[in-house]
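> Okay, so here is run.cif, and as you'll see once you scroll down, it has mmCIF, C-alpha atoms and all ligand atoms.
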data_work
loop_
_atom_site.label_atom_id
_atom_site.label_comp_id
_atom_site.auth_asym_id
_atom_site.auth_seq_id
_atom_site.Cartn_x
_atom_site.Cartn_y
_atom_site.Cartn_z
CA MET A 190 17.94 7.62 -8.84
CA GLY A 191 19.12 5.03 -11.29
CA THR A 192 18.28 1.45 -12.04
CA MET A 193 18.68 -0.57 -8.86
CA LEU A 194 17.63 -4.00 -10.06
CA SER A 195 17.80 -5.28 -13.59
CA LEU A 196 16.67 -8.71 -14.79
CA GLN A 197 17.96 -9.51 -18.24
CA LYS A 198 16.49 -12.53 -20.02
CA VAL A 199 16.47 -14.44 -16.76
CA THR A 200 15.52 -18.06 -17.34
CA LYS A 201 15.06 -21.02 -15.02
CA ILE A 202 14.73 -24.63 -16.06
CA TYR A 203 14.48 -26.95 -13.06
CA PRO A 204 16.57 -30.10 -13.40
CA GLY A 205 14.37 -33.08 -14.10
CA ALA A 206 11.49 -30.90 -15.21
CA GLY A 207 12.07 -31.64 -18.90
CA HIS A 208 12.76 -28.40 -20.69
CA VAL A 209 9.88 -26.60 -19.10
CA LYS A 210 10.89 -23.07 -18.32
CA ALA A 211 9.63 -22.08 -14.89
CA VAL A 212 10.83 -18.58 -15.76
CA ASP A 213 11.33 -17.72 -19.40
CA GLU A 214 13.59 -14.83 -20.46
CA LEU A 215 12.21 -12.47 -17.86
CA THR A 216 13.42 -8.92 -18.41
CA PHE A 217 12.60 -5.78 -16.43
CA ASP A 218 14.30 -2.89 -14.66
CA LEU A 219 13.42 -1.37 -11.33
CA GLU A 220 14.44 2.11 -10.30
CA GLU A 221 15.80 2.72 -6.84
CA GLY A 222 12.91 3.19 -4.42
CA GLU A 223 10.28 1.44 -6.55
CA ILE A 224 8.00 -1.39 -5.55
CA CYS A 225 7.37 -3.97 -8.24
CA THR A 226 4.54 -6.37 -7.59
CA LEU A 227 4.92 -9.76 -9.24
CA VAL A 228 1.52 -11.26 -9.95
CA GLY A 229 0.09 -14.12 -11.88
CA PRO A 230 -1.67 -17.44 -11.39
CA SER A 231 -0.28 -20.12 -9.11
CA GLY A 232 2.74 -21.81 -10.66
CA CYS A 233 3.52 -18.97 -13.09
CA GLY A 234 7.05 -18.56 -11.68
CA LYS A 235 6.79 -15.74 -9.14
CA THR A 236 8.66 -17.42 -6.31
CA THR A 237 11.24 -18.82 -8.70
CA ALA A 238 11.90 -15.40 -10.20
CA MET A 239 12.23 -13.87 -6.76
CA LYS A 240 14.58 -16.52 -5.39
CA MET A 241 16.98 -16.07 -8.28
CA ILE A 242 17.48 -12.47 -7.14
CA ASN A 243 19.11 -13.54 -3.89
CA ARG A 244 20.51 -16.70 -5.44
CA LEU A 245 18.49 -19.13 -3.38
CA ILE A 246 17.79 -20.62 -6.80
CA SER A 247 20.46 -20.69 -9.48
CA ILE A 248 19.89 -19.01 -12.81
CA THR A 249 19.86 -21.25 -15.88
CA SER A 250 20.62 -18.36 -18.22
CA GLY A 251 20.43 -14.60 -18.28
CA LYS A 252 21.74 -12.02 -15.88
CA ILE A 253 20.66 -10.16 -12.77
CA ILE A 254 22.31 -6.83 -12.03
CA ILE A 255 21.93 -5.12 -8.65
CA ASP A 256 23.17 -1.56 -8.37
CA GLY A 257 25.42 -2.08 -11.37
CA LYS A 258 26.88 -5.40 -10.19
CA ASP A 259 26.28 -8.78 -11.76
CA ILE A 260 25.09 -10.86 -8.79
CA SER A 261 26.76 -14.02 -10.09
CA ARG A 262 30.06 -12.37 -9.11
CA LEU A 263 28.97 -11.40 -5.60
CA ASN A 264 29.56 -13.37 -2.45
CA THR A 265 26.21 -15.05 -1.72
CA ILE A 266 26.36 -14.42 2.00
CA GLU A 267 26.87 -10.72 1.60
CA LEU A 268 24.32 -10.59 -1.18
CA ARG A 269 21.69 -12.15 1.10
CA ARG A 270 22.51 -9.85 4.00
CA SER A 271 21.91 -6.87 1.79
CA ILE A 272 18.54 -8.17 0.65
CA GLY A 273 15.65 -8.37 3.09
CA TYR A 274 13.65 -11.51 2.49
CA VAL A 275 10.15 -12.38 3.59
CA ILE A 276 9.33 -15.91 2.56
CA GLN A 277 6.05 -17.37 1.47
CA ASN A 278 5.60 -19.81 4.35
CA ILE A 279 6.92 -17.54 7.09
CA GLY A 280 9.98 -19.60 8.12
CA LEU A 281 10.49 -18.29 11.64
CA PHE A 282 13.07 -20.20 13.68
CA PRO A 283 11.00 -22.14 16.22
CA ASN A 284 13.71 -22.26 18.86
CA MET A 285 14.23 -18.51 18.90
CA THR A 286 11.91 -15.95 20.48
CA ILE A 287 10.10 -13.41 18.35
CA GLY A 288 12.62 -10.76 19.38
CA GLU A 289 15.54 -13.01 18.46
CA ASN A 290 13.99 -13.88 15.11
CA ILE A 291 13.65 -10.23 14.19
CA ALA A 292 17.18 -9.47 15.37
CA ILE A 293 18.91 -12.09 13.20
CA ILE A 294 20.18 -9.83 10.43
CA PRO A 295 20.98 -6.82 12.64
CA LYS A 296 23.11 -9.20 14.75
CA LEU A 297 24.91 -10.51 11.70
CA LEU A 298 25.52 -6.90 10.74
CA LYS A 299 27.00 -6.41 14.22
CA TRP A 300 24.75 -3.56 15.29
CA ASP A 301 25.09 -2.65 18.96
CA ARG A 302 22.60 -4.05 21.47
CA ALA A 303 20.72 -0.78 22.06
CA LYS A 304 20.19 -0.18 18.36
CA ILE A 305 18.95 -3.74 17.87
CA ASP A 306 16.53 -3.50 20.81
CA GLU A 307 15.17 -0.26 19.54
CA LYS A 308 14.68 -1.69 16.06
CA VAL A 309 12.88 -4.78 17.38
CA GLN A 310 10.63 -2.58 19.48
CA ARG A 311 9.80 -0.28 16.60
CA LEU A 312 9.11 -3.10 14.13
CA LEU A 313 6.80 -4.90 16.54
CA GLU A 314 4.84 -1.70 16.92
CA ILE A 315 4.63 -1.32 13.16
CA VAL A 316 3.20 -4.80 12.70
CA ASN A 317 0.75 -4.15 15.53
CA LEU A 318 2.07 -6.74 17.97
CA GLY A 319 2.80 -5.08 21.32
CA PRO A 320 6.53 -5.53 22.01
CA ASP A 321 6.05 -6.28 25.72
CA GLU A 322 3.51 -8.94 25.00
CA TYR A 323 5.17 -10.65 22.05
CA LYS A 324 8.92 -10.12 22.09
CA ASP A 325 9.75 -13.05 24.36
CA ARG A 326 7.26 -15.54 22.99
CA TYR A 327 8.13 -18.37 20.63
CA PRO A 328 6.68 -18.63 17.12
CA ASN A 329 4.42 -21.57 17.99
CA GLU A 330 2.74 -19.35 20.57
CA LEU A 331 1.49 -17.05 17.81
CA SER A 332 -1.29 -17.46 15.26
CA GLY A 333 -0.38 -17.98 11.60
CA GLY A 334 -1.18 -14.38 10.68
CA GLN A 335 0.81 -13.06 13.63
CA GLN A 336 3.77 -15.18 12.61
CA GLN A 337 3.54 -13.78 9.13
CA ARG A 338 3.69 -10.27 10.52
CA ILE A 339 6.84 -11.22 12.42
CA GLY A 340 8.22 -12.49 9.10
CA VAL A 341 7.64 -9.07 7.60
CA ALA A 342 9.29 -7.34 10.58
CA ARG A 343 12.28 -9.66 10.28
CA GLY A 344 12.67 -8.93 6.58
CA MET A 345 12.78 -5.20 7.29
CA ALA A 346 15.07 -5.40 10.29
CA GLY A 347 18.47 -4.96 8.65
CA ASP A 348 17.39 -1.86 6.72
CA PRO A 349 18.33 -3.55 3.44
CA PRO A 350 18.25 -1.44 0.27
CA ILE A 351 16.42 -4.24 -1.52
CA MET A 352 13.59 -6.37 -0.20
CA LEU A 353 12.03 -9.49 -1.61
CA MET A 354 8.64 -10.26 -0.18
CA ASP A 355 6.79 -13.42 -1.13
CA GLU A 356 3.09 -13.06 -0.36
CA PRO A 357 3.99 -11.27 2.86
CA PHE A 358 0.42 -10.49 3.85
CA GLY A 359 -1.16 -13.66 2.43
CA ALA A 360 -2.32 -15.26 5.67
CA ILE A 361 -3.53 -12.09 7.33
CA ASP A 362 -7.14 -11.10 7.84
CA PRO A 363 -8.42 -8.16 5.77
CA ILE A 364 -8.33 -5.61 8.58
CA ASN A 365 -4.78 -6.33 9.69
CA ARG A 366 -3.76 -6.73 6.08
CA GLU A 367 -4.97 -3.28 5.19
CA HIS A 368 -3.30 -1.85 8.26
CA LEU A 369 -0.01 -3.52 7.31
CA GLN A 370 -0.24 -2.43 3.69
CA ASN A 371 -0.83 1.15 4.74
CA GLU A 372 1.91 1.13 7.36
CA PHE A 373 4.24 -0.43 4.87
CA LEU A 374 3.52 2.21 2.25
CA LYS A 375 3.97 4.95 4.83
CA ILE A 376 7.38 3.61 5.82
CA GLN A 377 8.30 3.12 2.19
CA GLU A 378 7.61 6.79 1.53
CA LYS A 379 10.40 7.57 3.95
CA VAL A 380 12.88 4.75 3.39
CA LYS A 381 12.46 4.26 -0.37
CA LYS A 382 13.60 0.66 -0.59
CA THR A 383 13.62 -1.18 -3.87
CA ILE A 384 11.11 -3.97 -3.40
CA VAL A 385 9.93 -7.00 -5.30
CA PHE A 386 6.61 -8.00 -3.83
CA VAL A 387 4.88 -11.23 -4.81
CA THR A 388 1.14 -11.51 -4.49
CA HIS A 389 -1.60 -13.41 -6.27
CA ASP A 390 -4.11 -10.71 -5.36
CA ILE A 391 -4.49 -8.18 -8.16
CA ASP A 392 -5.94 -5.58 -5.78
CA GLU A 393 -2.88 -5.84 -3.58
CA ALA A 394 -0.65 -5.66 -6.65
CA ILE A 395 -2.37 -2.46 -7.74
CA LYS A 396 -2.24 -0.92 -4.31
CA MET A 397 1.34 -1.75 -3.46
CA GLY A 398 3.07 -1.54 -6.83
CA ASP A 399 4.70 1.36 -8.61
CA LYS A 400 5.06 -1.23 -11.34
CA ILE A 401 3.21 -4.47 -11.86
CA CYS A 402 4.91 -7.42 -13.50
CA LEU A 403 2.28 -9.87 -14.67
CA LEU A 404 3.52 -13.38 -15.40
CA LYS A 405 1.92 -16.33 -17.12
CA ASP A 406 3.56 -19.74 -17.55
CA GLY A 407 6.96 -18.28 -16.75
CA HIS A 408 6.90 -15.41 -19.16
CA LEU A 409 6.20 -11.75 -18.85
CA VAL A 410 2.83 -10.67 -20.17
CA GLN A 411 2.88 -7.02 -19.19
CA PHE A 412 5.16 -4.80 -17.14
CA ALA A 413 3.55 -1.45 -16.47
CA SER A 414 2.34 0.97 -13.84
CA PRO A 415 -1.00 0.02 -12.28
CA GLU A 416 -2.69 2.92 -14.04
CA GLU A 417 -1.25 1.88 -17.39
CA MET A 418 -2.21 -1.76 -16.89
CA LEU A 419 -5.77 -0.90 -15.91
CA THR A 420 -6.32 1.61 -18.70
CA HIS A 421 -4.42 -0.28 -21.41
CA PRO A 422 -4.31 -3.99 -20.64
CA LYS A 423 -2.06 -5.51 -23.25
CA ASN A 424 -4.31 -8.44 -24.12
CA ASP A 425 -7.31 -10.43 -22.94
CA PHE A 426 -5.31 -12.29 -20.34
CA VAL A 427 -4.34 -9.03 -18.65
CA ALA A 428 -7.85 -7.66 -19.01
CA ASP A 429 -9.30 -10.80 -17.42
CA PHE A 430 -6.73 -10.80 -14.67
CA ALA A 431 -7.37 -7.15 -13.90
CA GLY A 432 -11.08 -7.89 -13.77
CA GLY A 433 -14.26 -6.52 -15.30
CA ASP A 434 -14.25 -3.74 -12.73
CA ARG A 435 -10.98 -2.28 -14.02
CA THR A 436 -12.34 1.22 -14.10
CA LEU A 437 -13.53 1.01 -10.52
CA LYS A 438 -10.15 -0.41 -9.47
CA ARG A 439 -8.54 2.74 -10.78
CA LEU A 440 -10.34 4.57 -7.99
CA ASN A 441 -7.75 3.15 -5.61
CA LEU A 442 -4.99 4.91 -7.49
CA PHE A 443 -6.14 8.47 -6.97
CA THR A 444 -6.38 10.50 -3.80
CA VAL A 445 -9.48 12.40 -2.89
CA LYS A 446 -7.33 15.51 -2.98
CA ARG A 447 -6.58 14.98 -6.63
CA ALA A 448 -10.26 14.96 -7.60
CA MET A 449 -11.82 17.40 -5.13
CA LYS A 450 -12.82 20.99 -5.83
CA ASP A 451 -11.26 23.50 -3.46
CA ASN A 452 -14.20 25.90 -3.22
CA PRO A 453 -16.42 24.18 -0.63
CA PRO A 454 -19.46 26.10 0.66
CA ILE A 455 -18.26 26.82 4.18
CA ILE A 456 -19.56 29.15 6.82
CA ASN A 457 -18.13 30.12 10.19
CA GLN A 458 -20.36 28.72 12.91
CA ASP A 459 -20.20 32.03 14.79
CA GLU A 460 -21.96 33.84 11.94
CA THR A 461 -25.66 34.66 12.19
CA ILE A 462 -28.37 32.52 10.68
CA GLU A 463 -29.22 35.52 8.54
CA THR A 464 -25.82 35.29 6.86
CA ALA A 465 -26.35 31.59 6.30
CA ARG A 466 -29.75 32.15 4.73
CA ASN A 467 -28.30 34.75 2.39
CA LEU A 468 -25.56 32.37 1.39
CA PHE A 469 -28.05 29.58 0.78
CA SER A 470 -30.08 31.68 -1.62
CA GLU A 471 -26.99 33.14 -3.27
CA ILE A 472 -25.44 29.80 -4.23
CA SER A 473 -28.69 27.83 -4.19
CA ILE A 474 -27.55 24.71 -2.40
CA ARG A 475 -29.16 22.79 0.40
CA TYR A 476 -26.18 22.23 2.70
CA LEU A 477 -23.45 24.44 4.10
CA ILE A 478 -20.33 23.15 5.79
CA ALA A 479 -19.85 24.72 9.22
CA VAL A 480 -16.36 25.46 10.52
CA ASN A 481 -14.93 27.07 13.63
CA SER A 482 -12.67 30.11 13.63
CA GLU A 483 -9.70 27.88 12.76
CA GLY A 484 -11.45 26.51 9.71
CA ARG A 485 -12.05 23.11 11.28
CA LEU A 486 -15.14 21.13 10.45
CA THR A 487 -17.87 21.32 13.08
CA GLY A 488 -20.83 19.97 11.12
CA MET A 489 -23.40 20.65 8.45
CA ILE A 490 -26.40 22.96 8.18
CA ASP A 491 -29.41 21.83 6.21
CA ASN A 492 -31.34 24.73 4.69
CA GLN A 493 -34.54 22.72 5.10
CA ASP A 494 -33.90 21.99 8.74
CA ILE A 495 -33.02 25.21 10.53
CA PRO A 496 -34.65 25.41 13.97
CA ASP A 497 -36.91 28.45 14.39
CA LYS A 498 -35.08 29.58 17.51
CA ALA A 499 -31.66 29.50 15.87
CA SER A 500 -29.92 32.86 15.83
CA LEU A 501 -26.36 31.76 15.16
CA VAL A 502 -25.12 29.20 12.66
CA LYS A 503 -23.92 27.00 15.50
CA ASP A 504 -27.51 26.65 16.74
CA ALA A 505 -28.38 24.94 13.48
CA VAL A 506 -25.32 22.78 12.99
CA ALA A 507 -25.73 19.02 13.01
CA PRO A 508 -22.65 16.83 13.41
CA THR A 509 -21.61 14.92 10.29
CA ASN A 510 -19.51 11.91 9.36
CA ALA A 511 -19.44 12.81 5.69
CA TRP A 512 -15.75 13.65 5.56
CA LEU A 513 -12.46 12.04 4.65
CA THR A 514 -8.87 13.22 4.74
CA ALA A 515 -7.29 14.43 1.52
CA GLN A 516 -4.98 11.41 1.32
CA SER A 517 -7.85 8.91 1.24
CA ASN A 518 -8.42 7.15 -2.05
CA LEU A 519 -11.27 7.79 -4.44
CA LYS A 520 -12.80 4.41 -3.83
CA ASP A 521 -13.40 5.30 -0.21
CA GLY A 522 -14.42 8.75 -1.36
CA LEU A 523 -17.07 7.41 -3.69
CA SER A 524 -18.32 5.01 -1.07
CA GLU A 525 -18.68 7.84 1.45
CA ILE A 526 -20.56 10.02 -1.02
CA PHE A 527 -23.10 7.24 -1.45
CA THR A 528 -23.27 6.60 2.29
CA HIS A 529 -24.59 10.07 3.05
CA ASP A 530 -27.43 12.11 1.64
CA TYR A 531 -25.60 15.35 0.96
CA GLY A 532 -24.52 14.47 -2.56
CA PHE A 533 -20.95 15.40 -1.74
CA LEU A 534 -18.14 14.59 0.62
CA ILE A 535 -16.17 17.04 2.77
CA VAL A 536 -12.41 16.81 2.40
CA VAL A 537 -10.28 17.74 5.41
CA ASP A 538 -6.65 17.68 6.48
CA ASP A 539 -5.30 15.79 9.48
CA ALA A 540 -6.41 18.60 11.80
CA LYS A 541 -9.91 18.40 10.28
CA LYS A 542 -9.52 21.72 8.51
CA VAL A 543 -11.81 21.82 5.52
CA LEU A 544 -9.86 21.72 2.25
CA GLY A 545 -12.47 20.96 -0.34
CA TRP A 546 -15.52 18.99 -1.39
CA LEU A 547 -15.98 16.06 -3.68
CA HIS A 548 -18.83 15.10 -6.00
CA THR A 549 -19.26 12.02 -8.17
CA GLU A 550 -18.78 14.28 -11.20
CA ASP A 551 -15.28 15.20 -9.97
CA ILE A 552 -14.47 11.50 -9.73
CA LYS A 553 -15.68 10.91 -13.26
CA GLU A 554 -13.49 13.73 -14.53
CA THR A 555 -10.45 12.32 -12.78
CA LEU A 556 -10.99 8.85 -14.25
CA LYS A 557 -11.20 10.37 -17.71
CA GLY A 558 -7.65 11.54 -17.13
N1 LIG A 601 12.21 -27.40 -7.18
C1 LIG A 601 11.43 -27.49 -8.26
N2 LIG A 601 11.62 -28.49 -9.17
C2 LIG A 601 10.88 -28.60 -10.30
N3 LIG A 601 9.89 -27.72 -10.60
C3 LIG A 601 9.65 -26.70 -9.73
C4 LIG A 601 10.39 -26.55 -8.53
N4 LIG A 601 9.93 -25.45 -7.87
C5 LIG A 601 8.92 -24.96 -8.64
N5 LIG A 601 8.76 -25.71 -9.75
C6 LIG A 601 7.78 -25.46 -10.82
O1 LIG A 601 8.07 -24.21 -11.40
C7 LIG A 601 6.88 -23.50 -11.69
C8 LIG A 601 6.91 -22.15 -11.00
O2 LIG A 601 6.84 -22.35 -9.59
P1 LIG A 601 6.83 -21.14 -8.57
O3 LIG A 601 6.96 -21.69 -7.20
O4 LIG A 601 7.85 -20.16 -8.99
O5 LIG A 601 5.37 -20.57 -8.80
P2 LIG A 601 4.59 -19.36 -8.10
O6 LIG A 601 4.20 -18.43 -9.17
O7 LIG A 601 5.37 -18.84 -6.97
O8 LIG A 601 3.26 -20.09 -7.58
P3 LIG A 601 2.38 -19.83 -6.23
O9 LIG A 601 1.51 -18.65 -6.53
O10 LIG A 601 1.58 -21.09 -6.16
O11 LIG A 601 3.30 -19.65 -5.09
C9 LIG A 601 5.74 -24.39 -11.25
O12 LIG A 601 5.24 -25.05 -12.38
C10 LIG A 601 6.39 -25.36 -10.29
O13 LIG A 601 5.72 -26.60 -10.31
MG MG A 602 5.08 -18.82 -4.89
#
With the file now loaded, output its structure as structure tokens.
Ligand SMILES: Nc1ncnc2c1ncn2[C@@H]1O[C@H](COP(=O)(O)OP(=O)(O)OP(=O)(O)O)[C@@H](O)[C@H]1O
Ligand SMILES: [Mg+2]

Amino acid sequence: MGTMLSLQKVTKIYPGAGHVKAVDELTFDLEEGEICTLVGPSGCGKTTAMKMINRLISITSGKIIIDGKDISRLNTIELRRSIGYVIQNIGLFPNMTIGENIAIIPKLLKWDRAKIDEKVQRLLEIVNLGPDEYKDRYPNELSGGQQQRIGVARGMAGDPPIMLMDEPFGAIDPINREHLQNEFLKIQEKVKKTIVFVTHDIDEAIKMGDKICLLKDGHLVQFASPEEMLTHPKNDFVADFAGGDRTLKRLNLFTVKRAMKDNPPIINQDETIETARNLFSEISIRYLIAVNSEGRLTGMIDNQDIPDKASLVKDAVAPTNAWLTAQSNLKDGLSEIFTHDYGFLIVVDDAKKVLGWLHTEDIKETLKG
């Protein structure tokens, strides 16, 4: 993996705007497969910086290199076909159906019909808009947020190595937004595109970015990984932008798996209550995690609430919601710990096999680094 995208002192002065630099000597490199989130206050130059990458806006001075090639020497049409673009105000073609909108680039790339249909189908599923229901509608028959999701699908359609996304999830409600972010990150794990992602939401920048590029008045304030920016904000502007809850925001960056301990107090539910009682006194805790013979979570036993008639562990097990999968983030982990009374959270894999347990202390340790 080498540098895929390199901005070198990229500057934009709009004609007629005096000598105000909308983007001022912006320099950063992105490795192949990285997502860089461009953040900063409204008017700081995010869209301008992004549009210079596919030459929708001309560069005043400086250079942009993609995969070793100076883009000023490339044919603009080919350049734009090789870069997926999701624009800030959606920009669907009103006279084309949703399916046709998504298929624009694949058609230009002369993919065969079956491959295009399959791609359209798959992308509509990803953005949670049932293909049968939406494919043949026109953009004005969709809500704003739905149109924006189609914009995202369209940007991804040609399988471009580089994607530029300008506030792609901006108009989408929190639930769909989170779904899209997660789906997008899942796909990205497989396809490893190089992505410049504009957002004004610092939480989104932290979640989506391998790197964050924070701009102010056209110039770069800090370019760093989310963890670096949150632990070592370069100045007060960055610290303010990242927010007073910087430490809590770092919880999003770690998985539960990273912080958990892998020695949870488990007991097979087919064991006798006697065995459970012995275990309780041996490790002096109040709760045991009950599992079946495959190690999957079946519930919790409370030492202070074992029915008199119980002879097997399973007679004393109460179902529990105090679990998360190992890939969940620590913010959700912490929230779950506080939601339940056990004082810890059970960590499971996708098959609900118990992998570990998590306490607030473990979280504290992880944040210490
Ligand atoms: N065509 C133009 N002519 C003159 N000035 C422009 C033009 N387009 C943008 N600007 C100015 O350049 C600066 C950067 O604008 P840009 O659209 O890049 O900001 P942004 O960071 O994307 O903001 P937002 O978060 O509001 O989308 C702003 O001050 C804007 O007013
Ligand atoms: Mg913008």
> Which chains and residue numbers are within 9 Å of ligand MG 602 (chain A), counting only C-alpha atoms and all ligand atoms, if I want them as a compact mmCIF listing (two decimals) with C-alpha atoms, in the coordinates of the input?

# COMPACT_ATOMS: atom_id res chain seq x y z
CA SER A 231 -0.28 -20.12 -9.11
CA GLY A 232 2.74 -21.81 -10.66
CA CYS A 233 3.52 -18.97 -13.09
CA GLY A 234 7.05 -18.56 -11.68
CA LYS A 235 6.79 -15.74 -9.14
CA THR A 236 8.66 -17.42 -6.31
CA THR A 237 11.24 -18.82 -8.70
CA MET A 239 12.23 -13.87 -6.76
CA GLN A 277 6.05 -17.37 1.47
CA ASP A 355 6.79 -13.42 -1.13
CA GLU A 356 3.09 -13.06 -0.36
CA VAL A 387 4.88 -11.23 -4.81
CA THR A 388 1.14 -11.51 -4.49
CA HIS A 389 -1.60 -13.41 -6.27
> Using only C-alpha atoms and all ligand atoms, which residues of the polymer chains come no farther than 12 Å from ligand LIG 601 (chain A)? I'd like the answer as JSON, numbers by chain.
{"A": [200, 201, 202, 203, 204, 205, 206, 207, 208, 209, 210, 211, 212, 213, 227, 228, 229, 230, 231, 232, 233, 234, 235, 236, 237, 238, 239, 240, 241, 245, 246, 247, 276, 277, 278, 354, 355, 356, 357, 359, 386, 387, 388, 389, 390, 402, 403, 404, 405, 406, 407, 408, 409]}
> So which residues touch Ile339 of chain A within 10 Å, counting only C-alpha atoms, skipping near sequence neighbours fewer than 5 positions away, as a list of chain:residue names?
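Returned residues: A:Val275, A:Ile279, A:Gly280, A:Leu281, A:Ile287, A:Gly288, A:Asn290, A:Ile291, A:Leu312, A:Leu313, A:Val316, A:Asn317, A:Leu318, A:Tyr323, A:Lys324, A:Pro328, A:Leu331, A:Gly333, A:Gly334, A:Gly344, A:Met345, A:Pro357.
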> For a quick check of understanding, using only C-alpha atoms, which of A:Arg366, A:Lys520, A:Arg447, A:Arg343 has the smallest distance to Glu554 of chain A?
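Distance minimum relative to Glu554 of chain A lands on A:Arg447.
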> Tell me which of A:Asp301, A:Leu519, A:Glu367, A:Lys541 sits closest to Thr436 of chain A, counting all atoms listed in the file.
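Of A:Asp301, A:Leu519, A:Glu367, A:Lys541, the one nearest Thr436 of chain A is A:Leu519, counting all atoms listed in the file.
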> I'd like the contact shell of Gln370 of chain A - 10 Å cut-off, only C-alpha atoms, skipping same-chain residues fewer than 4 positions apart - returned as a list of chain:residue names.
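Residues near the query, excluding close chain neighbours: A:Val316, A:Pro357, A:Phe358, A:Ile364, A:Asn365, A:Arg366, A:Leu374, A:Lys375, A:Ile376, A:Glu393, A:Lys396, A:Met397.
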> Take the residues from that selection and write them out as an mmCIF file, in the coordinates of the input, keeping C-alpha atoms.

data_model
loop_
_atom_site.group_PDB
_atom_site.id
_atom_site.type_symbol
_atom_site.label_atom_id
_atom_site.label_comp_id
_atom_site.auth_asym_id
_atom_site.auth_seq_id
_atom_site.Cartn_x
_atom_site.Cartn_y
_atom_site.Cartn_z
ATOM 1 C CA VAL A 316 3.200 -4.800 12.700
ATOM 2 C CA PRO A 357 3.990 -11.270 2.860
ATOM 3 C CA PHE A 358 0.420 -10.490 3.850
ATOM 4 C CA ILE A 364 -8.330 -5.610 8.580
ATOM 5 C CA ASN A 365 -4.780 -6.330 9.690
ATOM 6 C CA ARG A 366 -3.760 -6.730 6.080
ATOM 7 C CA LEU A 374 3.520 2.210 2.250
ATOM 8 C CA LYS A 375 3.970 4.950 4.830
ATOM 9 C CA ILE A 376 7.380 3.610 5.820
ATOM 10 C CA GLU A 393 -2.880 -5.840 -3.580
ATOM 11 C CA LYS A 396 -2.240 -0.920 -4.310
ATOM 12 C CA MET A 397 1.340 -1.750 -3.460
#
> Select, from A:Ala346, A:Met418, A:Val427, A:Val502, the residue with the minimum atom-to-atom distance to Val309 of chain A, counting all atoms listed in the file.
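Distance minimum relative to Val309 of chain A lands on A:Ala346.
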> Can you work out the spacing between atom CA of Glu289 of chain A and atom CA of Ile361 of chain A in Å, to one decimal?
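Interatomic distance, atom CA of Glu289 of chain A to atom CA of Ile361 of chain A: 22.1 Å.
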> Go through A:Pro283, A:Gly398, A:Pro422, A:Gly273 and flag the residue nearest Leu219 of chain A, using only C-alpha atoms for the distances.
A:Gly398
> Can you find the residues with an atom no farther than 10 Å from (20.5, -14.6, -14.1), counting all atoms listed in the file, and report them as a ChimeraX atom specification?
/A:195-201,214-215,238,241-242,244,246-254,259-261
> Based on the selection just made, write C-alpha atoms of those residues as a CSV table (one decimal), keeping the file's coordinate frame.

chain,number,residue,atom,x,y,z
A,195,SER,CA,17.8,-5.3,-13.6
A,196,LEU,CA,16.7,-8.7,-14.8
A,197,GLN,CA,18.0,-9.5,-18.2
A,198,LYS,CA,16.5,-12.5,-20.0
A,199,VAL,CA,16.5,-14.4,-16.8
A,200,THR,CA,15.5,-18.1,-17.3
A,201,LYS,CA,15.1,-21.0,-15.0
A,214,GLU,CA,13.6,-14.8,-20.5
A,215,LEU,CA,12.2,-12.5,-17.9
A,238,ALA,CA,11.9,-15.4,-10.2
A,241,MET,CA,17.0,-16.1,-8.3
A,242,ILE,CA,17.5,-12.5,-7.1
A,244,ARG,CA,20.5,-16.7,-5.4
A,246,ILE,CA,17.8,-20.6,-6.8
A,247,SER,CA,20.5,-20.7,-9.5
A,248,ILE,CA,19.9,-19.0,-12.8
A,249,THR,CA,19.9,-21.2,-15.9
A,250,SER,CA,20.6,-18.4,-18.2
A,251,GLY,CA,20.4,-14.6,-18.3
A,252,LYS,CA,21.7,-12.0,-15.9
A,253,ILE,CA,20.7,-10.2,-12.8
A,254,ILE,CA,22.3,-6.8,-12.0
A,259,ASP,CA,26.3,-8.8,-11.8
A,260,ILE,CA,25.1,-10.9,-8.8
A,261,SER,CA,26.8,-14.0,-10.1
> Between A:Leu440, A:Ala303, A:Val506, A:Asp429, which is the closest to Ala465 of chain A once you count all atoms listed in the file?
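The closest residue to Ala465 of chain A is A:Val506.
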> How many Å separate atom CA of Asp459 of chain A from atom CA of Ser473 of chain A?
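Taking atom CA of Asp459 of chain A as the start and atom CA of Ser473 of chain A as the end point, the length is 21.2 Å.
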